[in-house]
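Colleague: My structure file my_file.tsv, TSV, C-alpha atoms and all ligand atoms, is below:
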chain	number	residue	atom	x	y	z
P	364	MET	CA	91.14	-1.07	-71.40
P	365	LYS	CA	89.70	-1.74	-74.87
P	366	LEU	CA	91.11	-5.30	-74.88
P	367	LYS	CA	89.73	-5.96	-71.43
P	368	LYS	CA	86.31	-4.91	-72.61
P	369	SER	CA	86.33	-7.25	-75.59
P	370	VAL	CA	87.60	-10.15	-73.46
P	371	LYS	CA	84.74	-9.48	-71.11
P	372	MET	CA	82.31	-9.49	-74.02
P	373	ILE	CA	83.67	-12.81	-75.33
P	374	LEU	CA	83.37	-14.33	-71.88
P	375	ILE	CA	79.78	-13.16	-71.59
P	376	ILE	CA	78.96	-14.58	-75.03
P	377	ILE	CA	80.51	-17.94	-74.09
P	378	VAL	CA	78.55	-18.07	-70.86
P	379	VAL	CA	75.32	-17.26	-72.73
P	380	ILE	CA	75.96	-19.93	-75.39
P	381	VAL	CA	76.84	-22.61	-72.85
P	382	GLY	CA	73.83	-21.67	-70.78
P	383	ALA	CA	71.54	-21.87	-73.80
P	384	LEU	CA	72.96	-25.28	-74.77
P	385	VAL	CA	72.45	-26.67	-71.29
P	386	MET	CA	68.88	-25.35	-71.22
P	387	TYR	CA	68.19	-26.75	-74.68
P	388	LYS	CA	69.42	-30.20	-73.70
P	389	TYR	CA	67.37	-30.07	-70.52
P	390	TYR	CA	64.32	-28.96	-72.46
P	391	LYS	CA	64.79	-31.68	-75.08
P	392	ARG	CA	65.18	-34.37	-72.46
P	393	ASN	CA	61.99	-33.28	-70.74
P	394	ASN	CA	59.88	-32.74	-73.81
P	395	ASN	CA	60.96	-35.42	-76.21
P	396	PRO	CA	58.21	-38.03	-76.01
P	397	ASN	CA	60.58	-40.68	-77.28
P	398	SER	CA	63.17	-40.31	-74.58
P	399	VAL	CA	62.39	-42.95	-72.04
P	400	SER	CA	64.40	-43.37	-68.90
P	401	GLN	CA	66.15	-46.71	-68.40
P	402	GLU	CA	64.85	-46.77	-64.87
P	403	LYS	CA	61.21	-46.66	-66.07
P	404	ILE	CA	61.90	-49.40	-68.63
P	405	ASN	CA	63.38	-51.63	-65.95
P	406	GLU	CA	60.24	-51.02	-63.92
P	407	THR	CA	58.12	-52.07	-66.90
P	408	LEU	CA	60.10	-55.29	-67.32
P	409	LYS	CA	59.78	-56.02	-63.63
P	410	PHE	CA	56.06	-55.22	-63.77
P	411	VAL	CA	55.25	-57.59	-66.64
P	412	LYS	CA	57.21	-60.39	-64.98
P	413	ASP	CA	55.66	-59.79	-61.55
P	414	ASN	CA	52.18	-59.74	-63.10
P	415	ASN	CA	52.76	-62.85	-65.22
P	416	ILE	CA	51.99	-61.07	-68.46
P	417	TYR	CA	55.52	-61.27	-69.87
P	418	ASP	CA	55.44	-62.49	-73.48
P	419	GLU	CA	58.76	-63.13	-75.22
P	420	LYS	CA	57.50	-61.77	-78.54
P	421	TYR	CA	56.97	-58.30	-77.03
P	422	LYS	CA	60.42	-58.18	-75.41
P	423	GLU	CA	61.64	-55.37	-77.68
P	424	GLU	CA	58.45	-53.39	-77.08
P	425	TYR	CA	58.62	-53.67	-73.28
P	426	GLU	CA	62.08	-52.14	-73.58
P	427	LYS	CA	60.57	-48.95	-74.98
P	428	ILE	CA	57.64	-48.58	-72.60
P	429	GLU	CA	57.81	-46.15	-69.73
P	430	TYR	CA	56.26	-47.60	-66.59
P	431	GLN	CA	53.25	-45.76	-65.13
P	432	ASP	CA	51.29	-46.65	-62.07
P	433	ASP	CA	48.60	-44.00	-62.36
P	434	LYS	CA	46.63	-45.66	-65.13
P	435	ASP	CA	45.45	-49.13	-65.86
P	436	PHE	CA	48.92	-50.02	-67.02
P	437	LYS	CA	48.46	-53.78	-67.12
P	438	ASP	CA	45.20	-53.57	-69.02
P	439	ILE	CA	46.77	-51.22	-71.56
P	440	LEU	CA	49.70	-53.58	-72.18
P	441	VAL	CA	47.56	-56.70	-72.60
P	442	THR	CA	45.02	-54.87	-74.76
P	443	PHE	CA	47.20	-52.90	-77.12
P	444	LEU	CA	50.36	-54.97	-77.69
P	445	PRO	CA	48.33	-57.79	-79.32
P	446	LYS	CA	46.62	-55.21	-81.56
P	447	GLY	CA	50.05	-54.48	-83.06
P	448	TYR	CA	51.01	-51.28	-81.24
P	449	LYS	CA	54.74	-50.77	-80.83
P	450	GLY	CA	56.40	-49.89	-77.54
P	451	GLU	CA	56.64	-46.17	-78.30
P	452	GLU	CA	52.99	-46.15	-79.36
P	453	ILE	CA	52.03	-47.62	-75.99
P	454	ASN	CA	53.73	-44.57	-74.48
P	455	TYR	CA	51.47	-42.37	-76.64
P	456	ILE	CA	48.38	-44.27	-75.51
P	457	LEU	CA	49.40	-43.81	-71.89
P	458	LYS	CA	49.19	-40.06	-72.44
P	459	LEU	CA	45.56	-40.17	-73.66
P	460	SER	CA	42.46	-39.47	-71.59
P	461	ASP	CA	40.55	-42.46	-70.21
P	462	THR	CA	37.74	-41.66	-72.65
P	463	ASN	CA	40.07	-41.87	-75.63
P	464	ILE	CA	41.75	-45.03	-74.32
P	465	ASN	CA	38.37	-46.72	-74.00
P	466	LYS	CA	37.40	-45.70	-77.52
P	467	LEU	CA	40.72	-46.97	-78.84
P	468	LYS	CA	40.16	-50.34	-77.17
P	469	ASP	CA	37.16	-50.90	-79.42
P	470	LYS	CA	39.17	-50.32	-82.57
P	471	ASP	CA	41.69	-52.34	-84.52
P	472	TYR	CA	45.17	-50.85	-84.75
P	473	VAL	CA	45.22	-47.20	-85.87
P	474	ASP	CA	48.23	-44.94	-86.16
P	475	ILE	CA	47.78	-42.17	-83.58
P	476	SER	CA	51.33	-40.84	-83.71
P	477	ASN	CA	50.37	-37.56	-85.40
P	478	TYR	CA	47.52	-36.84	-83.03
P	479	TYR	CA	48.04	-38.22	-79.52
P	480	ASN	CA	49.82	-35.13	-78.25
P	481	TYR	CA	46.91	-32.72	-78.76
P	482	LYS	CA	44.41	-32.33	-75.95
P	483	ASN	CA	41.44	-32.03	-78.32
P	484	PHE	CA	42.33	-35.26	-80.13
P	485	ASN	CA	39.18	-37.37	-80.35
P	486	VAL	CA	39.74	-41.02	-81.23
P	487	ASP	CA	36.26	-41.14	-82.81
P	488	ASN	CA	37.40	-38.74	-85.53
P	489	ILE	CA	40.69	-40.35	-86.54
P	490	ASP	CA	39.58	-41.51	-90.00
P	491	ARG	CA	38.20	-38.05	-90.71
P	492	TYR	CA	41.48	-36.45	-89.54
P	493	ASN	CA	43.45	-38.64	-91.93
P	494	LYS	CA	41.15	-37.88	-94.83
P	495	TYR	CA	41.10	-34.15	-94.09
P	496	HIS	CA	44.87	-34.06	-93.78
P	497	GLU	CA	45.21	-35.77	-97.17
P	498	GLU	CA	42.98	-33.11	-98.70
P	499	HIS	CA	44.68	-30.21	-96.87
P	500	ASN	CA	48.28	-31.21	-96.36
P	501	ASP	CA	49.25	-27.59	-95.84
P	502	TYR	CA	47.43	-27.64	-92.48
P	503	SER	CA	49.34	-28.62	-89.37
P	504	TYR	CA	47.94	-31.52	-87.36
P	505	ASP	CA	46.61	-29.30	-84.59
P	506	LYS	CA	44.52	-27.43	-87.16
P	507	VAL	CA	43.37	-30.67	-88.79
P	508	ILE	CA	42.11	-31.90	-85.41
P	509	THR	CA	40.30	-28.68	-84.52
P	510	TYR	CA	38.75	-28.18	-87.95
P	511	VAL	CA	37.45	-31.74	-88.10
P	512	ASN	CA	36.17	-31.56	-84.53
P	513	ILE	CA	34.14	-28.49	-85.50
P	514	LYS	CA	32.96	-30.40	-88.60
P	515	LEU	CA	34.54	-28.29	-91.32
P	516	ASP	CA	35.09	-31.52	-93.24
P	517	LEU	CA	31.32	-32.00	-93.55
P	518	PRO	CA	28.87	-30.01	-95.67
P	519	VAL	CA	27.02	-27.32	-93.70
P	520	TYR	CA	23.82	-28.34	-91.94
P	521	THR	CA	24.89	-32.00	-91.99
P	522	ASP	CA	22.88	-33.59	-89.22
P	523	PRO	CA	22.96	-30.51	-86.94
P	524	ALA	CA	23.12	-31.25	-83.24
P	525	THR	CA	20.43	-29.81	-80.99
P	526	VAL	CA	21.90	-27.41	-78.44
P	527	LYS	CA	21.47	-28.86	-74.94
P	528	ASP	CA	21.47	-25.70	-72.88
P	529	GLY	CA	20.43	-22.56	-74.71
P	530	ASN	CA	20.96	-20.50	-71.54
P	531	ASP	CA	24.68	-21.35	-71.32
P	532	LEU	CA	26.69	-18.16	-71.90
P	533	LEU	CA	29.03	-20.17	-74.10
P	534	VAL	CA	26.25	-21.68	-76.18
P	535	LEU	CA	27.49	-22.44	-79.69
P	536	VAL	CA	24.93	-21.93	-82.41
P	537	ASN	CA	26.08	-22.32	-86.00
P	538	LYS	CA	25.47	-24.41	-89.11
P	539	TYR	CA	26.13	-27.64	-87.19
P	540	ASN	CA	24.53	-26.76	-83.84
P	541	CYS	CA	20.99	-25.42	-83.72
P	542	LEU	CA	18.52	-24.43	-81.02
P	543	GLU	CA	15.14	-25.99	-80.48
P	544	LYS	CA	12.37	-24.19	-82.28
P	545	GLY	CA	10.75	-23.11	-79.04
P	546	TYR	CA	13.91	-21.93	-77.26
P	547	ARG	CA	13.54	-18.45	-75.88
P	548	PRO	CA	15.82	-16.89	-73.22
P	549	SER	CA	13.98	-16.44	-69.94
P	550	ASP	CA	15.73	-13.21	-68.94
P	551	LEU	CA	15.13	-10.92	-71.92
P	552	ASP	CA	15.64	-7.25	-71.28
P	553	TYR	CA	15.38	-4.28	-73.63
P	554	ALA	CA	18.02	-1.85	-74.81
P	555	SER	CA	17.12	1.24	-76.77
P	556	GLY	CA	18.12	0.84	-80.37
P	557	ILE	CA	17.99	2.77	-83.60
P	558	TYR	CA	14.58	1.46	-84.55
P	559	GLY	CA	13.08	1.11	-81.07
P	560	ASN	CA	13.57	-1.23	-78.14
P	561	VAL	CA	15.78	-4.23	-78.82
P	562	PRO	CA	15.32	-7.45	-76.83
P	563	MET	CA	18.47	-9.22	-75.60
P	564	ARG	CA	19.57	-11.14	-72.52
P	565	LYS	CA	20.00	-9.07	-69.39
P	566	ILE	CA	23.71	-9.80	-69.03
P	567	ALA	CA	24.32	-8.75	-72.65
P	568	LYS	CA	22.40	-5.53	-72.14
P	569	GLU	CA	24.43	-4.63	-69.06
P	570	ALA	CA	27.68	-5.26	-70.92
P	571	LEU	CA	26.44	-3.33	-73.95
P	572	THR	CA	25.71	-0.30	-71.77
P	573	LYS	CA	29.32	-0.32	-70.53
P	574	LEU	CA	30.64	-0.72	-74.06
P	575	GLN	CA	28.52	2.22	-75.23
P	576	GLU	CA	29.81	4.43	-72.41
P	577	ALA	CA	33.40	3.54	-73.26
P	578	VAL	CA	33.11	4.12	-77.00
P	579	LYS	CA	31.46	7.49	-76.37
P	580	LYS	CA	34.22	8.49	-73.99
P	581	GLU	CA	37.13	7.13	-76.03
P	582	ILE	CA	36.29	8.00	-79.64
P	583	ASP	CA	33.09	10.01	-79.19
P	584	ILE	CA	30.72	7.88	-81.26
P	585	GLU	CA	27.51	6.02	-80.55
P	586	LEU	CA	27.01	2.34	-81.23
P	587	LEU	CA	23.35	1.39	-81.11
P	588	PRO	CA	21.73	-2.00	-81.52
P	589	THR	CA	19.57	-2.65	-84.57
P	590	THR	CA	18.53	-6.19	-83.65
P	591	ALA	CA	19.62	-8.73	-81.05
P	592	TYR	CA	17.21	-11.48	-79.96
P	593	ARG	CA	15.17	-12.82	-82.86
P	594	ASP	CA	12.77	-15.69	-82.41
P	595	TYR	CA	12.53	-18.75	-84.61
P	596	SER	CA	9.61	-17.58	-86.70
P	597	PHE	CA	11.17	-14.17	-87.34
P	598	GLN	CA	14.41	-15.82	-88.51
P	599	SER	CA	12.32	-18.17	-90.60
P	600	THR	CA	10.69	-15.27	-92.46
P	601	LEU	CA	14.05	-13.51	-92.92
P	602	TYR	CA	15.82	-16.59	-94.26
P	603	ASN	CA	12.99	-17.60	-96.58
P	604	ASN	CA	12.90	-14.12	-98.09
P	605	TYR	CA	16.67	-14.25	-98.75
P	606	VAL	CA	16.29	-17.68	-100.35
P	607	LYS	CA	13.60	-16.33	-102.65
P	608	GLU	CA	15.89	-13.50	-103.70
P	609	ASP	CA	19.29	-15.24	-103.92
P	610	GLY	CA	18.78	-18.99	-103.72
P	611	VAL	CA	19.76	-21.35	-100.90
P	612	ALA	CA	23.52	-21.48	-101.50
P	613	ALA	CA	23.98	-17.71	-101.46
P	614	ALA	CA	21.50	-17.11	-98.63
P	615	ASP	CA	23.40	-19.62	-96.47
P	616	THR	CA	26.55	-17.49	-96.64
P	617	TYR	CA	24.94	-14.50	-94.95
P	618	SER	CA	21.78	-15.65	-93.24
P	619	ALA	CA	21.19	-18.47	-90.78
P	620	ARG	CA	18.49	-21.06	-91.20
P	621	PRO	CA	15.80	-20.82	-88.50
P	622	GLY	CA	16.97	-22.41	-85.24
P	623	CYS	CA	20.59	-22.04	-86.29
P	624	SER	CA	20.86	-18.27	-85.80
P	625	GLU	CA	22.90	-16.99	-82.92
P	626	HIS	CA	20.37	-14.19	-82.59
P	627	GLN	CA	17.91	-16.68	-81.08
P	628	THR	CA	20.23	-16.96	-78.04
P	629	GLY	CA	19.67	-13.31	-77.11
P	630	LEU	CA	23.46	-12.94	-76.76
P	631	ALA	CA	24.18	-11.66	-80.27
P	632	ILE	CA	23.77	-7.99	-81.10
P	633	ASP	CA	23.97	-6.15	-84.42
P	634	LEU	CA	25.34	-2.64	-83.97
P	635	LYS	CA	25.21	0.50	-86.05
P	636	ASN	CA	26.75	3.91	-85.78
P	637	PRO	CA	23.67	6.10	-86.40
P	638	ILE	CA	25.64	8.80	-88.22
P	639	ARG	CA	26.82	6.42	-90.97
P	640	THR	CA	24.57	6.26	-93.99
P	641	ASP	CA	26.11	3.75	-96.41
P	642	VAL	CA	27.56	1.30	-93.86
P	643	ARG	CA	26.70	0.22	-90.32
P	644	LEU	CA	30.22	0.87	-89.07
P	645	ASN	CA	33.07	2.54	-90.88
P	646	GLU	CA	36.68	1.42	-90.60
P	647	SER	CA	37.53	3.49	-87.57
P	648	ASP	CA	34.33	2.45	-85.74
P	649	TYR	CA	35.22	-1.16	-86.40
P	650	ALA	CA	38.88	-0.68	-85.46
P	651	TRP	CA	37.77	0.41	-82.00
P	652	LEU	CA	35.23	-2.39	-81.66
P	653	LYS	CA	37.71	-5.05	-82.77
P	654	GLU	CA	40.29	-3.98	-80.23
P	655	ASN	CA	37.96	-3.19	-77.33
P	656	ALA	CA	34.82	-5.32	-77.41
P	657	TYR	CA	36.52	-8.04	-75.33
P	658	ARG	CA	36.92	-5.61	-72.41
P	659	PHE	CA	33.13	-5.85	-72.00
P	660	GLY	CA	32.81	-9.59	-72.67
P	661	PHE	CA	31.98	-9.41	-76.38
P	662	ILE	CA	33.66	-10.97	-79.39
P	663	ILE	CA	33.49	-10.13	-83.09
P	664	ARG	CA	31.66	-13.28	-84.09
P	665	PHE	CA	32.20	-13.25	-87.88
P	666	PRO	CA	35.58	-11.67	-88.64
P	667	GLY	CA	36.81	-11.38	-92.22
P	668	ASN	CA	39.77	-13.73	-91.82
P	669	LYS	CA	37.69	-16.60	-90.42
P	670	GLU	CA	34.91	-17.02	-92.93
P	671	PHE	CA	35.95	-20.60	-93.67
P	672	ILE	CA	35.44	-21.48	-89.99
P	673	THR	CA	32.33	-19.51	-89.09
P	674	GLY	CA	30.69	-20.19	-92.45
P	675	TYR	CA	29.62	-16.55	-92.76
P	676	GLN	CA	30.79	-13.53	-94.70
P	677	GLU	CA	32.42	-10.88	-92.57
P	678	GLU	CA	29.94	-9.05	-90.33
P	679	ASN	CA	31.90	-6.39	-88.51
P	680	TRP	CA	28.74	-5.21	-86.75
P	681	HIS	CA	27.71	-8.53	-85.17
P	682	ILE	CA	29.02	-8.97	-81.64
P	683	ARG	CA	28.35	-11.85	-79.29
P	684	TYR	CA	28.45	-11.85	-75.50
P	685	VAL	CA	30.60	-14.67	-74.06
P	686	GLY	CA	31.88	-13.17	-70.78
P	687	MET	CA	35.13	-11.35	-70.09
P	688	ASP	CA	37.54	-14.26	-69.61
P	689	THR	CA	36.49	-16.05	-72.78
P	690	ALA	CA	36.35	-12.83	-74.80
P	691	LYS	CA	39.91	-11.96	-73.79
P	692	ILE	CA	41.29	-15.35	-74.84
P	693	ILE	CA	39.41	-15.26	-78.14
P	694	HIS	CA	40.71	-11.74	-78.80
P	695	ASP	CA	44.30	-12.38	-77.72
P	696	GLU	CA	44.63	-15.69	-79.56
P	697	ASP	CA	42.66	-14.62	-82.63
P	698	LEU	CA	40.21	-17.52	-82.32
P	699	THR	CA	36.61	-18.04	-83.30
P	700	LEU	CA	34.02	-19.24	-80.79
P	701	GLU	CA	34.09	-22.60	-82.59
P	702	GLU	CA	37.84	-23.01	-82.01
P	703	TYR	CA	37.66	-21.73	-78.44
P	704	ILE	CA	34.99	-24.25	-77.46
P	705	ASP	CA	36.88	-27.10	-79.04
P	706	LEU	CA	40.19	-26.12	-77.44
P	707	TYR	CA	39.09	-24.86	-74.04
P	708	VAL	CA	35.67	-26.28	-73.21
P	709	ASN	CA	35.16	-29.68	-74.78
P	710	GLN	CA	36.71	-32.66	-73.05
P	711	TYR	CA	37.92	-35.55	-75.12
B	1	ZN	ZN	23.85	-10.44	-86.57
Hey, can you dump this file as structure tokens for me?
Ligand SMILES: [Zn+2]

Modeller:
Amino acid sequence: MKLKKSVKMILIIIVVIVGALVMYKYYKRNNNPNSVSQEKINETLKFVKDNNIYDEKYKEEYEKIEYQDDKDFKDILVTFLPKGYKGEEINYILKLSDTNINKLKDKDYVDISNYYNYKNFNVDNIDRYNKYHEEHNDYSYDKVITYVNIKLDLPVYTDPATVKDGNDLLVLVNKYNCLEKGYRPSDLDYASGIYGNVPMRKIAKEALTKLQEAVKKEIDIELLPTTAYRDYSFQSTLYNNYVKEDGVAAADTYSARPGCSEHQTGLAIDLKNPIRTDVRLNESDYAWLKENAYRFGFIIRFPGNKEFITGYQEENWHIRYVGMDTAKIIHDEDLTLEEYIDLYVNQY
């Protein structure tokens, strides 16, 4: 009986190992970008001959190119082979978006092999990716791409872009993206705060009310807004006072320049637990907020582990309304709004 049991066990183990090997091989075959089927290569050879673009000097390259009929295959071959791209690199190019392919057409040969596989790869930024990777070779390529796309390779406030649609719930306002001086949300509402009524966008107020009900019910505390919407001139006064006290460099780490404050969107809210005296939130208040804000469509906008991305010191009291779906992804994947927009919203 004992022997039978162990034989059974061995058989099960063998079946599991064989199964895993088969699955691994299958996975590798389907995910290895360099494995090209002979059938597709034959199609490529037939295609170049049929279209009278066969050139003897690219014979070896044709033999590595996987035929595709859903893109401008012919144009890609005649454009990129003469630029010096190898057969396998043509396969990489075929995976790019039309926008990236068009940008690449305007450039001399560049090595895209480290980047082509990432959906937020932007051909425009390739020189900056290479430079940034040289300076930070501990970062993986996906991080290099994202960080450069969100401009971490440039000094703060370098040529900030003007936000196109301040009313967009996913509006990104930071040290590289600023609102117009006159931007003011059209749907401001008022929530009662510690120091009086606090203006914020209607949708943020509704979500805040739900958050406040939940935190009361779940850990029996109050979280009240101190400020939310702040207009350009108010931010201007705040920032200039900080600069007078601490200088520009220090002020920039904790206060936004006018136009570049998320508070001007009406979607950012600073919270305080009214019973705390020395801090706005204590550790247990923040622990709840960090794990639950997303349920109401809010994110912690300036977490402690992301200062190098957000450009701000930790502010555990500053929440930002982004909507439930976005807030959940940002929470679950431990992202910042900057990373989320680059990975999930922007099209390259
Ligand atoms: Zn704030």

Colleague: For the atom pair atom CA of P:Leu384 and atom CA of P:Ser369, what is the interatomic distance in Å to one decimal place?

Modeller: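 The value is 22.5 Å.
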
Colleague: Counting all atoms listed in the file, figure out which residue out of P:Ile582, P:Tyr553, P:Pro621, P:Tyr539 gets nearest to P:Thr600.

Modeller: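 Using all atoms listed in the file, P:Thr600 sits closest to P:Pro621.
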
Colleague: Calculate how many Å separate atom CA of P:Leu551 from atom CA of P:Gly629, rounding to one decimal.

Modeller: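 Going from atom CA of P:Leu551 over to atom CA of P:Gly629 covers 7.3 Å.
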
Colleague: Return as a PyMOL selection string the residues of protein, DNA or RNA that approach ligand ZN 1 (chain B) to within 12 Å, with all atoms listed in the file taken into account.

Modeller: chain P and resi 588-593+598+617-619+624-635+643+663-666+675-683

Colleague: Enclose the full set of atoms of stretch 593-605 of chain P listed in the file within a box whose edges lie along x, y and z, apply 4 Å of padding to each of the six sides, and report centre and edge lengths in Å to one decimal as lines of an AutoDock Vina configuration file.

Modeller:
center_x = 13.1
center_y = -15.8
center_z = -90.6
size_x = 15.1
size_y = 13.9
size_z = 24.3

Colleague: Near P:Tyr520, counting only C-alpha atoms, which residues have an atom at most 10 Å away, once you skip same-chain residues fewer than 3 positions from it, shown as a list in words?

Modeller: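 My list of contacting residues is Lys514, Leu517, Pro523, Ala524, Asn537, Lys538, Tyr539, Asn540, Cys541, Asp615, Arg620 and Cys623 of chain P.
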
Colleague: Counting only C-alpha atoms, which of P:Phe443, P:Phe484, P:Tyr502, P:Tyr684 gets nearest to P:Phe661?

Modeller: P:Tyr684

Colleague: I'd like the contact shell of P:Ala690 - 9 Å cut-off, all atoms listed in the file, skipping same-chain residues fewer than 2 positions apart - returned as a list of chain:residue names.

Modeller: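 My reading of the contact set: P:Ala656, P:Tyr657, P:Arg658, P:Phe659, P:Gly660, P:Phe661, P:Ile662, P:Tyr684, P:Val685, P:Gly686, P:Met687, P:Asp688, P:Ile692, P:Ile693, P:His694, P:Asp695.
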
Colleague: Please identify all polymer residues within 7 Å of stretch 401-406 of chain P, counting all atoms listed in the file, omitting same-chain residues fewer than 2 positions from it, and present them as an mmCIF file with C-alpha atoms, in the coordinates of the input.

Modeller:
data_model
loop_
_atom_site.group_PDB
_atom_site.id
_atom_site.type_symbol
_atom_site.label_atom_id
_atom_site.label_comp_id
_atom_site.auth_asym_id
_atom_site.auth_seq_id
_atom_site.Cartn_x
_atom_site.Cartn_y
_atom_site.Cartn_z
ATOM 1 C CA VAL P 399 62.390 -42.950 -72.040
ATOM 2 C CA LEU P 408 60.100 -55.290 -67.320
ATOM 3 C CA LYS P 409 59.780 -56.020 -63.630
ATOM 4 C CA PHE P 410 56.060 -55.220 -63.770
ATOM 5 C CA GLU P 426 62.080 -52.140 -73.580
ATOM 6 C CA LYS P 427 60.570 -48.950 -74.980
ATOM 7 C CA ILE P 428 57.640 -48.580 -72.600
ATOM 8 C CA GLU P 429 57.810 -46.150 -69.730
ATOM 9 C CA TYR P 430 56.260 -47.600 -66.590
#

Colleague: For P:Glu701, find every residue with an atom within 12 Å (counting all atoms listed in the file), except residues of its own chain fewer than 2 positions away, and show them as a VMD selection string.

Modeller: chain P and resid 509 to 515 533 to 540 664 to 665 669 to 674 693 697 to 699 703 to 709

Colleague: Filtering to C-alpha atoms, could you give me those residues as a PDB file, keeping the file's coordinate frame?

Modeller:
ATOM      1  CA  THR P 509      40.300 -28.680 -84.520  1.00  0.00           C
ATOM      2  CA  TYR P 510      38.750 -28.180 -87.950  1.00  0.00           C
ATOM      3  CA  VAL P 511      37.450 -31.740 -88.100  1.00  0.00           C
ATOM      4  CA  ASN P 512      36.170 -31.560 -84.530  1.00  0.00           C
ATOM      5  CA  ILE P 513      34.140 -28.490 -85.500  1.00  0.00           C
ATOM      6  CA  LYS P 514      32.960 -30.400 -88.600  1.00  0.00           C
ATOM      7  CA  LEU P 515      34.540 -28.290 -91.320  1.00  0.00           C
ATOM      8  CA  LEU P 533      29.030 -20.170 -74.100  1.00  0.00           C
ATOM      9  CA  VAL P 534      26.250 -21.680 -76.180  1.00  0.00           C
ATOM     10  CA  LEU P 535      27.490 -22.440 -79.690  1.00  0.00           C
ATOM     11  CA  VAL P 536      24.930 -21.930 -82.410  1.00  0.00           C
ATOM     12  CA  ASN P 537      26.080 -22.320 -86.000  1.00  0.00           C
ATOM     13  CA  LYS P 538      25.470 -24.410 -89.110  1.00  0.00           C
ATOM     14  CA  TYR P 539      26.130 -27.640 -87.190  1.00  0.00           C
ATOM     15  CA  ASN P 540      24.530 -26.760 -83.840  1.00  0.00           C
ATOM     16  CA  ARG P 664      31.660 -13.280 -84.090  1.00  0.00           C
ATOM     17  CA  PHE P 665      32.200 -13.250 -87.880  1.00  0.00           C
ATOM     18  CA  LYS P 669      37.690 -16.600 -90.420  1.00  0.00           C
ATOM     19  CA  GLU P 670      34.910 -17.020 -92.930  1.00  0.00           C
ATOM     20  CA  PHE P 671      35.950 -20.600 -93.670  1.00  0.00           C
ATOM     21  CA  ILE P 672      35.440 -21.480 -89.990  1.00  0.00           C
ATOM     22  CA  THR P 673      32.330 -19.510 -89.090  1.00  0.00           C
ATOM     23  CA  GLY P 674      30.690 -20.190 -92.450  1.00  0.00           C
ATOM     24  CA  ILE P 693      39.410 -15.260 -78.140  1.00  0.00           C
ATOM     25  CA  ASP P 697      42.660 -14.620 -82.630  1.00  0.00           C
ATOM     26  CA  LEU P 698      40.210 -17.520 -82.320  1.00  0.00           C
ATOM     27  CA  THR P 699      36.610 -18.040 -83.300  1.00  0.00           C
ATOM     28  CA  TYR P 703      37.660 -21.730 -78.440  1.00  0.00           C
ATOM     29  CA  ILE P 704      34.990 -24.250 -77.460  1.00  0.00           C
ATOM     30  CA  ASP P 705      36.880 -27.100 -79.040  1.00  0.00           C
ATOM     31  CA  LEU P 706      40.190 -26.120 -77.440  1.00  0.00           C
ATOM     32  CA  TYR P 707      39.090 -24.860 -74.040  1.00  0.00           C
ATOM     33  CA  VAL P 708      35.670 -26.280 -73.210  1.00  0.00           C
ATOM     34  CA  ASN P 709      35.160 -29.680 -74.780  1.00  0.00           C
TER      35      ASN P 709
END

Colleague: Any idea what's packed within 8 Å of P:Lys446, counting all atoms listed in the file, ignoring anything in its chain fewer than 3 positions away? Could you give it as number ranges by chain?

Modeller: P: 442-443, 471-472

Colleague: Hey, can you spit out that residue selection with C-alpha atoms as a JSON list (two decimals), in the frame of the given file?

Modeller:
[["chain", "number", "residue", "atom", "x", "y", "z"],
["P", 442, "THR", "CA", 45.02, -54.87, -74.76],
["P", 443, "PHE", "CA", 47.20, -52.90, -77.12],
["P", 471, "ASP", "CA", 41.69, -52.34, -84.52],
["P", 472, "TYR", "CA", 45.17, -50.85, -84.75]]

Colleague: What is the distance between atom CA of P:Glu543 and atom CA of P:Gly622, in Å to one decimal?

Modeller: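 We find that atom CA of P:Glu543 and atom CA of P:Gly622 lie 6.2 Å from each other.
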
Colleague: Determine the nearest neighbour of P:Ile508 from the options P:Tyr421, P:Tyr546, P:Phe597, P:Tyr711, counting all atoms listed in the file.

Modeller: P:Tyr711

Colleague: Out of P:Ala612, P:Leu601, P:Leu571, P:Ile566, which residue has the shortest atom-to-atom distance to P:Asp531 when counting all atoms listed in the file?

Modeller: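 Counting all atoms listed in the file, the residue closest to P:Asp531 is P:Ile566.
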
Colleague: Point out the residue among P:Ile453, P:Val606, P:Leu459, P:Leu542 with the least atom-to-atom distance to P:Tyr481, counting only C-alpha atoms.

Modeller: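 Selected residue with least distance to P:Tyr481: P:Leu459.
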
Colleague: Pick from P:Thr407, P:Ser476, P:Asn463, P:Asn415: nearest to P:Phe436, with only C-alpha atoms counted?

Modeller: P:Thr407

Colleague: Here's a test: counting only C-alpha atoms, identify every protein, DNA and RNA residue with an atom at most 12 Å from (26.1, 4.6, -73.2) in the file's coordinate frame, and state them as a short mmCIF file (atom, residue, chain, number, x, y, z; two decimals) with C-alpha atoms, in the coordinates of the input.

Modeller:
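Below is the file that was written, point_18.cif:
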data_model
loop_
_atom_site.label_atom_id
_atom_site.label_comp_id
_atom_site.auth_asym_id
_atom_site.auth_seq_id
_atom_site.Cartn_x
_atom_site.Cartn_y
_atom_site.Cartn_z
CA ALA P 554 18.02 -1.85 -74.81
CA SER P 555 17.12 1.24 -76.77
CA GLY P 556 18.12 0.84 -80.37
CA LYS P 568 22.40 -5.53 -72.14
CA GLU P 569 24.43 -4.63 -69.06
CA ALA P 570 27.68 -5.26 -70.92
CA LEU P 571 26.44 -3.33 -73.95
CA THR P 572 25.71 -0.30 -71.77
CA LYS P 573 29.32 -0.32 -70.53
CA LEU P 574 30.64 -0.72 -74.06
CA GLN P 575 28.52 2.22 -75.23
CA GLU P 576 29.81 4.43 -72.41
CA ALA P 577 33.40 3.54 -73.26
CA VAL P 578 33.11 4.12 -77.00
CA LYS P 579 31.46 7.49 -76.37
CA LYS P 580 34.22 8.49 -73.99
CA GLU P 581 37.13 7.13 -76.03
CA ASP P 583 33.09 10.01 -79.19
CA ILE P 584 30.72 7.88 -81.26
CA GLU P 585 27.51 6.02 -80.55
CA LEU P 586 27.01 2.34 -81.23
CA LEU P 587 23.35 1.39 -81.11
CA PRO P 588 21.73 -2.00 -81.52
#
